[in-house]
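Structure file upload.cif (mmCIF, C-alpha atoms) is printed below.
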data_entry
#
loop_
_atom_site.label_atom_id
_atom_site.label_comp_id
_atom_site.auth_asym_id
_atom_site.auth_seq_id
_atom_site.Cartn_x
_atom_site.Cartn_y
_atom_site.Cartn_z
CA MET A 1 121.85 99.28 76.86
CA SER A 2 118.50 100.96 77.38
CA PHE A 3 117.20 103.81 75.25
CA LEU A 4 114.70 104.78 77.94
CA ALA A 5 114.95 107.69 80.34
CA ASP A 6 116.17 106.62 83.75
CA HIS A 7 112.85 107.29 85.49
CA ILE A 8 110.92 105.31 82.87
CA ARG A 9 113.28 102.36 83.07
CA ALA A 10 112.97 102.27 86.86
CA MET A 11 109.17 102.46 87.08
CA HIS A 12 106.49 99.77 87.05
CA GLY A 13 103.79 100.04 84.39
CA TYR A 14 100.04 99.69 84.78
CA THR A 15 98.72 96.15 85.26
CA TYR A 16 95.40 95.77 83.47
CA GLY A 17 92.76 93.14 84.13
CA GLU A 18 92.90 89.92 82.17
CA GLN A 19 91.00 90.05 78.86
CA PRO A 20 90.32 86.45 77.75
CA SER A 21 89.39 85.73 74.14
CA ASP A 22 87.21 82.79 75.25
CA ARG A 23 83.66 84.17 75.49
CA SER A 24 82.60 81.32 77.77
CA VAL A 25 84.69 82.79 80.60
CA ILE A 26 82.60 84.64 83.18
CA LYS A 27 84.38 87.97 83.27
CA LEU A 28 83.86 89.83 86.54
CA ASN A 29 87.30 91.42 86.77
CA THR A 30 87.30 94.76 84.91
CA ASN A 31 84.02 96.45 85.92
CA GLU A 32 82.45 96.40 82.49
CA ASN A 33 78.70 96.81 82.18
CA PRO A 34 77.30 93.28 81.67
CA PHE A 35 74.58 94.48 79.30
CA PRO A 36 74.89 95.50 75.63
CA PRO A 37 74.91 99.20 74.73
CA SER A 38 71.92 100.98 73.27
CA PRO A 39 70.43 99.31 70.16
CA ALA A 40 70.44 102.78 68.59
CA ILE A 41 74.16 102.28 68.06
CA ARG A 42 73.60 99.50 65.53
CA GLU A 43 71.51 101.80 63.33
CA THR A 44 74.12 104.53 63.70
CA LEU A 45 76.86 102.21 62.48
CA VAL A 46 74.78 100.80 59.62
CA ASN A 47 74.18 104.33 58.37
CA LEU A 48 77.81 105.43 58.75
CA ASP A 49 79.03 107.31 55.68
CA LEU A 50 82.38 105.72 54.80
CA GLU A 51 83.56 109.14 53.67
CA GLU A 52 83.80 109.95 57.37
CA LEU A 53 86.59 107.39 57.70
CA ARG A 54 88.65 109.07 55.00
CA ARG A 55 88.59 112.40 56.77
CA TYR A 56 89.95 113.37 60.16
CA PRO A 57 87.26 113.50 62.86
CA ASP A 58 85.97 116.64 64.52
CA ALA A 59 88.98 117.58 66.64
CA THR A 60 86.82 118.99 69.44
CA SER A 61 83.92 116.46 69.39
CA LEU A 62 81.64 119.51 69.34
CA VAL A 63 78.28 117.79 68.85
CA LEU A 64 78.89 115.36 71.69
CA ARG A 65 80.12 118.19 73.91
CA GLU A 66 76.98 120.19 73.21
CA HIS A 67 74.71 117.29 74.16
CA ILE A 68 76.61 116.60 77.38
CA ALA A 69 76.65 120.30 78.28
CA ALA A 70 72.89 120.58 77.72
CA ARG A 71 72.24 117.58 79.96
CA PHE A 72 74.17 119.11 82.87
CA GLY A 73 73.27 122.77 82.39
CA LEU A 74 76.81 123.74 81.36
CA THR A 75 78.38 125.40 78.33
CA SER A 76 80.12 123.30 75.70
CA GLY A 77 83.32 125.10 76.73
CA GLN A 78 83.10 123.35 80.09
CA VAL A 79 83.27 119.90 78.48
CA LEU A 80 86.36 118.14 77.12
CA ILE A 81 85.94 114.80 75.32
CA THR A 82 88.81 112.37 75.82
CA ASN A 83 90.02 109.00 74.59
CA GLY A 84 88.60 107.20 77.59
CA GLY A 85 88.77 108.48 81.13
CA ASP A 86 92.43 107.50 81.31
CA GLU A 87 93.40 110.15 78.78
CA ALA A 88 91.60 112.73 80.91
CA ILE A 89 93.76 111.81 83.90
CA ARG A 90 96.89 112.00 81.79
CA LEU A 91 95.94 115.40 80.32
CA VAL A 92 95.30 116.93 83.73
CA ALA A 93 98.52 115.50 85.17
CA THR A 94 100.56 116.63 82.16
CA ALA A 95 99.16 120.16 82.43
CA CYS A 96 99.61 120.47 86.19
CA LEU A 97 102.80 118.58 87.06
CA THR A 98 106.48 119.11 86.36
CA ARG A 99 109.52 117.17 87.58
CA ASN A 100 109.33 116.31 91.29
CA ASP A 101 105.90 117.90 91.74
CA VAL A 102 103.59 115.92 94.02
CA MET A 103 100.44 114.12 92.93
CA VAL A 104 98.27 112.68 95.70
CA SER A 105 95.55 110.09 95.15
CA SER A 106 93.43 107.81 97.29
CA GLU A 107 95.00 104.57 98.47
CA PRO A 108 93.59 102.03 97.93
CA GLY A 109 92.56 103.56 94.65
CA TYR A 110 93.03 103.46 90.91
CA SER A 111 96.56 102.21 90.23
CA LEU A 112 96.97 104.27 87.04
CA TYR A 113 97.47 107.49 89.05
CA PRO A 114 100.96 106.64 90.34
CA VAL A 115 101.92 105.26 86.93
CA ILE A 116 101.09 108.57 85.25
CA ALA A 117 102.96 110.49 87.96
CA ASN A 118 106.01 108.31 87.37
CA VAL A 119 105.85 108.78 83.60
CA LEU A 120 105.97 112.54 84.18
CA ASN A 121 108.89 112.18 86.61
CA ALA A 122 106.65 113.59 89.32
CA ARG A 123 106.23 112.19 92.83
CA TRP A 124 103.17 110.22 93.84
CA LEU A 125 102.03 110.16 97.46
CA PRO A 126 99.12 108.11 98.81
CA MET A 127 96.12 109.57 100.59
CA GLU A 128 95.69 106.66 102.97
CA LEU A 129 92.03 105.83 103.47
CA GLY A 130 90.60 104.58 106.74
CA HIS A 131 89.13 101.13 107.31
CA ASP A 132 85.86 102.55 105.96
CA PHE A 133 87.64 103.56 102.72
CA ARG A 134 87.12 107.26 103.41
CA PRO A 135 89.69 110.05 103.85
CA ASP A 136 89.68 111.54 107.32
CA SER A 137 88.85 115.16 108.07
CA GLU A 138 92.52 116.19 107.93
CA ALA A 139 93.24 114.74 104.46
CA ALA A 140 93.04 118.11 102.69
CA ARG A 141 95.34 119.70 105.27
CA ARG A 142 97.90 116.94 104.75
CA CYS A 143 97.78 117.45 100.98
CA ILE A 144 98.61 121.11 101.54
CA GLY A 145 101.44 120.14 103.89
CA GLN A 146 102.80 117.73 101.27
CA ARG A 147 102.73 120.59 98.74
CA ALA A 148 100.54 118.56 96.41
CA ARG A 149 100.08 120.15 92.99
CA LEU A 150 97.27 117.76 92.04
CA VAL A 151 94.88 115.57 94.04
CA CYS A 152 92.88 112.75 92.41
CA ILE A 153 90.00 111.04 94.21
CA PRO A 154 87.92 108.27 92.62
CA ASN A 155 84.32 108.70 93.79
CA PRO A 156 82.77 106.18 94.20
CA ASN A 157 86.06 104.77 95.37
CA ALA A 158 87.67 101.96 93.47
CA PRO A 159 88.05 99.23 94.66
CA SER A 160 85.51 99.60 97.49
CA GLY A 161 82.62 101.50 95.87
CA VAL A 162 82.36 103.77 98.94
CA LEU A 163 80.92 107.20 98.10
CA LEU A 164 81.96 110.62 99.38
CA THR A 165 79.03 113.00 99.68
CA ALA A 166 78.79 116.30 97.83
CA GLN A 167 79.27 118.05 101.17
CA GLU A 168 82.55 116.20 101.75
CA VAL A 169 83.84 117.01 98.27
CA ASP A 170 82.74 120.63 98.66
CA ALA A 171 84.69 120.95 101.91
CA PHE A 172 87.80 119.33 100.42
CA ALA A 173 87.73 121.59 97.33
CA ALA A 174 87.36 124.66 99.54
CA ARG A 175 90.34 123.72 101.70
CA PHE A 176 92.70 122.35 99.05
CA ARG A 177 92.92 125.13 96.48
CA GLY A 178 95.01 123.28 93.88
CA PRO A 179 93.55 121.20 91.03
CA LEU A 180 91.19 118.55 92.42
CA LEU A 181 90.17 115.77 90.04
CA ILE A 182 87.15 113.76 91.14
CA ASP A 183 87.06 110.57 89.09
CA GLU A 184 83.37 109.71 88.67
CA ALA A 185 83.83 106.67 86.43
CA TYR A 186 81.11 104.80 88.35
CA VAL A 187 78.73 107.69 89.01
CA ASP A 188 75.89 106.16 86.97
CA PHE A 189 75.47 103.30 89.45
CA ILE A 190 74.85 105.50 92.49
CA GLU A 191 71.42 104.99 94.07
CA PRO A 192 69.11 107.75 92.75
CA ALA A 193 67.58 108.11 96.23
CA LEU A 194 70.87 109.65 97.39
CA LYS A 195 70.38 112.56 94.95
CA HIS A 196 74.16 112.71 94.56
CA ASP A 197 75.30 115.47 92.19
CA LEU A 198 78.68 117.19 92.11
CA VAL A 199 78.04 119.26 88.97
CA PRO A 200 76.67 122.27 90.94
CA LEU A 201 80.01 122.43 92.79
CA LEU A 202 81.74 123.47 89.55
CA ALA A 203 80.22 126.94 89.95
CA ARG A 204 81.75 127.21 93.43
CA HIS A 205 85.23 125.83 92.82
CA ARG A 206 87.39 126.82 89.85
CA ASN A 207 89.92 124.17 90.88
CA LEU A 208 87.43 121.28 90.58
CA LEU A 209 87.35 118.85 87.65
CA LEU A 210 84.89 115.99 87.25
CA LEU A 211 85.86 112.97 85.16
CA ARG A 212 83.23 110.71 83.63
CA THR A 213 83.28 107.91 81.10
CA PHE A 214 81.10 106.02 78.64
CA SER A 215 82.96 102.79 79.44
CA LYS A 216 80.90 101.75 82.46
CA GLY A 217 77.39 103.18 82.49
CA TYR A 218 76.95 103.19 78.71
CA SER A 219 78.60 99.82 77.95
CA LEU A 220 81.19 101.39 75.64
CA ALA A 221 84.50 100.30 77.16
CA GLY A 222 85.66 99.23 73.69
CA ALA A 223 84.96 102.66 72.18
CA ARG A 224 87.22 104.56 74.61
CA VAL A 225 85.27 107.77 75.26
CA GLY A 226 85.44 109.82 78.43
CA TYR A 227 84.98 113.46 79.34
CA LEU A 228 85.97 116.16 81.78
CA LEU A 229 83.69 118.83 83.24
CA GLY A 230 85.21 121.96 84.70
CA GLU A 231 85.71 125.71 84.68
CA GLU A 232 85.76 126.98 81.10
CA SER A 233 89.24 128.54 81.04
CA PHE A 234 90.75 125.46 82.72
CA ILE A 235 89.11 123.16 80.14
CA GLU A 236 90.19 125.42 77.26
CA GLU A 237 93.85 125.23 78.25
CA LEU A 238 93.69 121.45 78.55
CA ALA A 239 92.02 121.25 75.13
CA THR A 240 94.34 123.62 73.29
CA LYS A 241 97.70 122.93 74.95
CA VAL A 242 98.02 119.30 76.03
CA ARG A 243 95.33 117.29 74.25
CA ASP A 244 96.41 115.10 71.34
CA SER A 245 95.28 116.11 67.87
CA TYR A 246 92.07 114.34 66.82
CA ASN A 247 92.07 112.40 70.07
CA VAL A 248 88.66 110.71 69.65
CA ASN A 249 87.91 108.92 66.37
CA CYS A 250 84.75 109.56 64.38
CA ILE A 251 83.18 106.16 65.13
CA SER A 252 83.63 106.58 68.87
CA GLN A 253 82.11 110.06 68.71
CA ILE A 254 78.92 108.96 66.94
CA VAL A 255 78.58 105.79 69.01
CA ALA A 256 78.87 107.79 72.25
CA LEU A 257 76.33 110.31 70.96
CA ALA A 258 73.84 107.54 70.17
CA ALA A 259 74.33 105.95 73.58
CA PHE A 260 74.01 109.27 75.41
CA GLY A 261 70.81 110.00 73.52
CA ASP A 262 69.21 106.76 74.72
CA GLN A 263 69.00 107.49 78.42
CA GLU A 264 66.06 105.13 78.86
CA HIS A 265 68.14 102.12 77.83
CA ALA A 266 71.13 103.15 79.94
CA ARG A 267 69.05 103.80 83.05
CA LYS A 268 67.40 100.39 82.79
CA THR A 269 70.81 98.69 82.85
CA TRP A 270 71.92 100.82 85.80
CA GLU A 271 68.86 99.80 87.81
CA VAL A 272 69.40 96.10 87.13
CA VAL A 273 73.03 96.43 88.22
CA ARG A 274 71.96 98.18 91.43
CA LEU A 275 69.45 95.45 92.26
CA GLU A 276 72.00 92.72 91.59
CA ARG A 277 74.62 94.59 93.61
CA GLN A 278 72.32 94.57 96.63
CA ARG A 279 71.41 90.90 96.16
CA VAL A 280 75.03 89.78 95.80
CA SER A 281 76.09 91.90 98.79
CA ASP A 282 73.33 90.39 100.94
CA VAL A 283 74.30 86.82 100.02
CA LEU A 284 77.98 87.48 100.70
CA ARG A 285 77.20 88.96 104.12
CA GLU A 286 75.01 85.97 104.96
CA ARG A 287 78.00 83.77 104.14
CA GLY A 288 80.24 85.59 106.56
CA PHE A 289 81.97 88.20 104.40
CA ASN A 290 82.36 91.88 105.22
CA VAL A 291 81.13 93.92 102.25
CA PRO A 292 81.39 97.73 102.15
CA ASP A 293 78.27 99.54 100.94
CA SER A 294 79.11 100.01 97.27
CA GLN A 295 77.71 102.68 94.97
CA ALA A 296 79.63 101.32 91.98
CA ASN A 297 79.13 98.26 89.74
CA PHE A 298 81.33 96.04 91.87
CA VAL A 299 81.65 94.81 95.44
CA LEU A 300 84.69 94.14 97.64
CA PRO A 301 84.01 91.15 99.93
CA GLN A 302 86.47 90.54 102.76
CA ARG A 303 86.96 87.41 104.85
CA ARG A 304 86.04 88.15 108.45
CA ASP A 305 88.99 86.10 109.68
CA LYS A 306 91.28 88.31 107.52
CA ALA A 307 92.78 85.25 105.79
CA SER A 308 94.11 85.61 102.25
CA LEU A 309 91.71 85.14 99.35
CA GLY A 310 94.49 84.34 96.90
CA ASP A 311 93.60 80.64 96.81
CA THR A 312 89.93 81.50 96.30
CA TYR A 313 90.86 83.74 93.38
CA GLU A 314 92.83 80.90 91.77
CA ARG A 315 90.02 78.41 92.36
CA LEU A 316 87.51 80.74 90.72
CA ARG A 317 89.89 81.22 87.82
CA ASP A 318 90.15 77.46 87.40
CA SER A 319 86.34 77.47 87.18
CA ASN A 320 86.47 80.02 84.33
CA ILE A 321 85.34 82.86 86.58
CA LEU A 322 87.59 85.91 86.61
CA VAL A 323 87.53 88.38 89.50
CA ARG A 324 90.23 90.84 90.60
CA TYR A 325 92.69 90.03 93.35
CA PHE A 326 95.21 92.58 94.64
CA LYS A 327 98.11 91.00 96.50
CA THR A 328 98.73 93.99 98.75
CA THR A 329 98.87 94.49 102.50
CA ARG A 330 95.52 96.27 102.47
CA LEU A 331 93.61 94.06 100.03
CA TYR A 332 95.04 90.53 100.28
CA ASP A 333 91.92 89.33 102.13
CA ARG A 334 89.47 90.79 99.62
CA LEU A 335 88.25 90.20 96.07
CA ARG A 336 86.87 92.89 93.80
CA VAL A 337 83.92 91.39 91.97
CA THR A 338 82.16 93.13 89.09
CA ILE A 339 78.38 92.87 89.16
CA GLY A 340 77.39 90.81 86.12
CA THR A 341 74.11 89.42 84.90
CA ARG A 342 72.04 87.41 87.37
CA THR A 343 73.26 84.19 85.73
CA GLN A 344 76.89 85.28 86.00
CA ASN A 345 76.46 86.39 89.60
CA ASP A 346 74.81 83.09 90.54
CA ALA A 347 77.70 81.18 88.96
CA PHE A 348 80.17 83.22 91.01
CA LEU A 349 78.26 82.71 94.24
CA LYS A 350 77.97 78.98 93.60
CA ALA A 351 81.68 78.60 92.80
CA LEU A 352 82.69 80.71 95.80
#

Write out the structure in this file as structure tokens.
Amino acid sequence: MSFLADHIRAMHGYTYGEQPSDRSVIKLNTNENPFPPSPAIRETLVNLDLEELRRYPDATSLVLREHIAARFGLTSGQVLITNGGDEAIRLVATACLTRNDVMVSSEPGYSLYPVIANVLNARWLPMELGHDFRPDSEAARRCIGQRARLVCIPNPNAPSGVLLTAQEVDAFAARFRGPLLIDEAYVDFIEPALKHDLVPLLARHRNLLLLRTFSKGYSLAGARVGYLLGEESFIEELATKVRDSYNVNCISQIVALAAFGDQEHARKTWEVVRLERQRVSDVLRERGFNVPDSQANFVLPQRRDKASLGDTYERLRDSNILVRYFKTTRLYDRLRVTIGTRTQNDAFLKAL
């Protein structure tokens, strides 16, 4: 006998990347920043008043919201702090979807989207990407035809790292008038020369939400802090109607604030990752792999003969090197490889 609702019992849950306890394992499977967070965090934690742990945290993360808003030229009411980016996705889906409503997300894409749709007893439909990992010009029209209530697009795309331009997102948001969540988890690793910035689009599209996280660019995956940017009334309803009470603990709030305040440190790590991303991509191409141009902190090499890379994944694992392998029709001949330190990347390339 099961105590679960029928739709929960029938669904498949999210499969997360392996998290080994052995620190000698070279971990290139979950897109973590390979460098430590800002040293300012240590001082922040040393000076933590233990009285703060006795009390509930600021329910709205106001100070952190104000700093983020100031950085992007927004009001604090346009910022919602969440327990990692995943909570942001769940909040938006919970607010926008009811039973049998349609959520559409990029495919290949982040596999949590269909899981959340299933939890809500909604329907998930894929936005099939082309061989270049981009939606075609008719994608927004198809979403309308499918009566989508919510569209989620990771940008840069995961697992490819391919980036949609601001012009492409602008056109999609203008055509699809329902809630459009652009998941910018990897935005910090985009080449500055591209001058990519979606924040100005918020003034043009009330239906647009931007998701960002401290997990990747700020090396705070363990702290679980993310945030949404959007139109003020939209953000207010998410904050007051569907957000959990005290959703971000006091330690995570002050750690994120310290990291956000040290932009110099963060930007240095981003630049090293970009340089290593280019180097690793060049080596892989020289060795006969197809590698999409990534603007994230990972690459997606593909065998040119389209043969499976499952055995290669297992061989790397036996060598204490973890990468991500997706045994799907679209990705069986590819590996998603997080960009690590130069030493880690060299070990991967040697073992490959």

Atom CA of Val283 of chain A sits from atom CA of Asp346 of chain A at a separation of 10.2 Å

Can you pull out every residue within 8 Å of segment 21-25 of chain A, counting only C-alpha atoms, but drop anything in the same chain fewer than 5 positions away, and send it as a list in words?
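Counting only the stated atoms, we get Asn320, Ile321 and Leu322 of chain A.
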
Hey, which of A:Leu28, A:Leu4, A:Val242, A:Ala203 ends up closest to Gln344 of chain A? Count only C-alpha atoms.
A:Leu28

Between A:Leu349, A:Ala117, A:Val225, A:Ala256, which has the minimum distance to Leu284 of chain A (counting only C-alpha atoms)?
A:Leu349

Evaluate the PyMOL selection byres ((chain A and resi 202) around 12) on the structure here and hand back the selected residues as a PDB file with C-alpha atoms, in the coordinates of the input.
ATOM      1  CA  PHE A  72      74.170 119.110  82.870  1.00  0.00           C
ATOM      2  CA  GLY A  73      73.270 122.770  82.390  1.00  0.00           C
ATOM      3  CA  LEU A  74      76.810 123.740  81.360  1.00  0.00           C
ATOM      4  CA  THR A  75      78.380 125.400  78.330  1.00  0.00           C
ATOM      5  CA  GLN A  78      83.100 123.350  80.090  1.00  0.00           C
ATOM      6  CA  VAL A  79      83.270 119.900  78.480  1.00  0.00           C
ATOM      7  CA  ALA A 166      78.790 116.300  97.830  1.00  0.00           C
ATOM      8  CA  VAL A 169      83.840 117.010  98.270  1.00  0.00           C
ATOM      9  CA  ASP A 170      82.740 120.630  98.660  1.00  0.00           C
ATOM     10  CA  ALA A 173      87.730 121.590  97.330  1.00  0.00           C
ATOM     11  CA  ALA A 174      87.360 124.660  99.540  1.00  0.00           C
ATOM     12  CA  LEU A 180      91.190 118.550  92.420  1.00  0.00           C
ATOM     13  CA  LEU A 181      90.170 115.770  90.040  1.00  0.00           C
ATOM     14  CA  ILE A 182      87.150 113.760  91.140  1.00  0.00           C
ATOM     15  CA  ASP A 197      75.300 115.470  92.190  1.00  0.00           C
ATOM     16  CA  LEU A 198      78.680 117.190  92.110  1.00  0.00           C
ATOM     17  CA  VAL A 199      78.040 119.260  88.970  1.00  0.00           C
ATOM     18  CA  PRO A 200      76.670 122.270  90.940  1.00  0.00           C
ATOM     19  CA  LEU A 201      80.010 122.430  92.790  1.00  0.00           C
ATOM     20  CA  ALA A 203      80.220 126.940  89.950  1.00  0.00           C
ATOM     21  CA  ARG A 204      81.750 127.210  93.430  1.00  0.00           C
ATOM     22  CA  HIS A 205      85.230 125.830  92.820  1.00  0.00           C
ATOM     23  CA  ARG A 206      87.390 126.820  89.850  1.00  0.00           C
ATOM     24  CA  ASN A 207      89.920 124.170  90.880  1.00  0.00           C
ATOM     25  CA  LEU A 208      87.430 121.280  90.580  1.00  0.00           C
ATOM     26  CA  LEU A 209      87.350 118.850  87.650  1.00  0.00           C
ATOM     27  CA  LEU A 210      84.890 115.990  87.250  1.00  0.00           C
ATOM     28  CA  LEU A 228      85.970 116.160  81.780  1.00  0.00           C
ATOM     29  CA  LEU A 229      83.690 118.830  83.240  1.00  0.00           C
ATOM     30  CA  GLY A 230      85.210 121.960  84.700  1.00  0.00           C
ATOM     31  CA  GLU A 231      85.710 125.710  84.680  1.00  0.00           C
ATOM     32  CA  GLU A 232      85.760 126.980  81.100  1.00  0.00           C
ATOM     33  CA  PHE A 234      90.750 125.460  82.720  1.00  0.00           C
ATOM     34  CA  ILE A 235      89.110 123.160  80.140  1.00  0.00           C
TER      35      ILE A 235
END

Apply the PyMOL selection byres ((chain A and resi 149-156) around 8) to the file shown and report the selected residues as a PDB file with C-alpha atoms, in the coordinates of the input.
ATOM      1  CA  ALA A  93      98.520 115.500  85.170  1.00  0.00           C
ATOM      2  CA  CYS A  96      99.610 120.470  86.190  1.00  0.00           C
ATOM      3  CA  LEU A  97     102.800 118.580  87.060  1.00  0.00           C
ATOM      4  CA  ASP A 101     105.900 117.900  91.740  1.00  0.00           C
ATOM      5  CA  VAL A 102     103.590 115.920  94.020  1.00  0.00           C
ATOM      6  CA  MET A 103     100.440 114.120  92.930  1.00  0.00           C
ATOM      7  CA  VAL A 104      98.270 112.680  95.700  1.00  0.00           C
ATOM      8  CA  SER A 105      95.550 110.090  95.150  1.00  0.00           C
ATOM      9  CA  SER A 106      93.430 107.810  97.290  1.00  0.00           C
ATOM     10  CA  GLY A 109      92.560 103.560  94.650  1.00  0.00           C
ATOM     11  CA  TYR A 110      93.030 103.460  90.910  1.00  0.00           C
ATOM     12  CA  TYR A 113      97.470 107.490  89.050  1.00  0.00           C
ATOM     13  CA  CYS A 143      97.780 117.450 100.980  1.00  0.00           C
ATOM     14  CA  ARG A 147     102.730 120.590  98.740  1.00  0.00           C
ATOM     15  CA  ALA A 148     100.540 118.560  96.410  1.00  0.00           C
ATOM     16  CA  ASN A 157      86.060 104.770  95.370  1.00  0.00           C
ATOM     17  CA  ALA A 158      87.670 101.960  93.470  1.00  0.00           C
ATOM     18  CA  SER A 160      85.510  99.600  97.490  1.00  0.00           C
ATOM     19  CA  GLY A 161      82.620 101.500  95.870  1.00  0.00           C
ATOM     20  CA  VAL A 162      82.360 103.770  98.940  1.00  0.00           C
ATOM     21  CA  LEU A 163      80.920 107.200  98.100  1.00  0.00           C
ATOM     22  CA  LEU A 164      81.960 110.620  99.380  1.00  0.00           C
ATOM     23  CA  GLY A 178      95.010 123.280  93.880  1.00  0.00           C
ATOM     24  CA  PRO A 179      93.550 121.200  91.030  1.00  0.00           C
ATOM     25  CA  LEU A 180      91.190 118.550  92.420  1.00  0.00           C
ATOM     26  CA  LEU A 181      90.170 115.770  90.040  1.00  0.00           C
ATOM     27  CA  ILE A 182      87.150 113.760  91.140  1.00  0.00           C
ATOM     28  CA  ASP A 183      87.060 110.570  89.090  1.00  0.00           C
ATOM     29  CA  GLU A 184      83.370 109.710  88.670  1.00  0.00           C
ATOM     30  CA  ALA A 185      83.830 106.670  86.430  1.00  0.00           C
ATOM     31  CA  TYR A 186      81.110 104.800  88.350  1.00  0.00           C
ATOM     32  CA  VAL A 187      78.730 107.690  89.010  1.00  0.00           C
ATOM     33  CA  SER A 294      79.110 100.010  97.270  1.00  0.00           C
ATOM     34  CA  GLN A 295      77.710 102.680  94.970  1.00  0.00           C
ATOM     35  CA  ALA A 296      79.630 101.320  91.980  1.00  0.00           C
TER      36      ALA A 296
END

Report the residues retrieved by the PyMOL selection byres ((chain A and resi 352) around 9) from the displayed file, expressed as a PyMOL selection string.
chain A and resi 312+315-316+347-351

Just the residues within 12 Å of Ser219 of chain A, please, counting all atoms listed in the file, with nothing from its chain fewer than 5 positions along; format it as a PyMOL selection string.
chain A and resi 31-39+41+186+188+213-214+224-225+255-256+258-260+265-267+269-270+297

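Counting only C-alpha atoms, the residue from A:Ile8, A:Ser252, A:Glu138, A:Glu191 that sits nearest to Asp293 of chain A is A:Glu191.
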
One-decimal distance in Å that lies between atom CA of Gly340 of chain A and atom CA of Tyr313 of chain A
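Going from atom CA of Tyr313 of chain A over to atom CA of Gly340 of chain A, I get 16.9 Å.
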
Using all atoms listed in the file, which residue out of A:Val272, A:Val248, A:Ala69, A:Leu331 lies closest to Gly84 of chain A?
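Ranked by minimum distance to Gly84 of chain A, first place goes to A:Val248.
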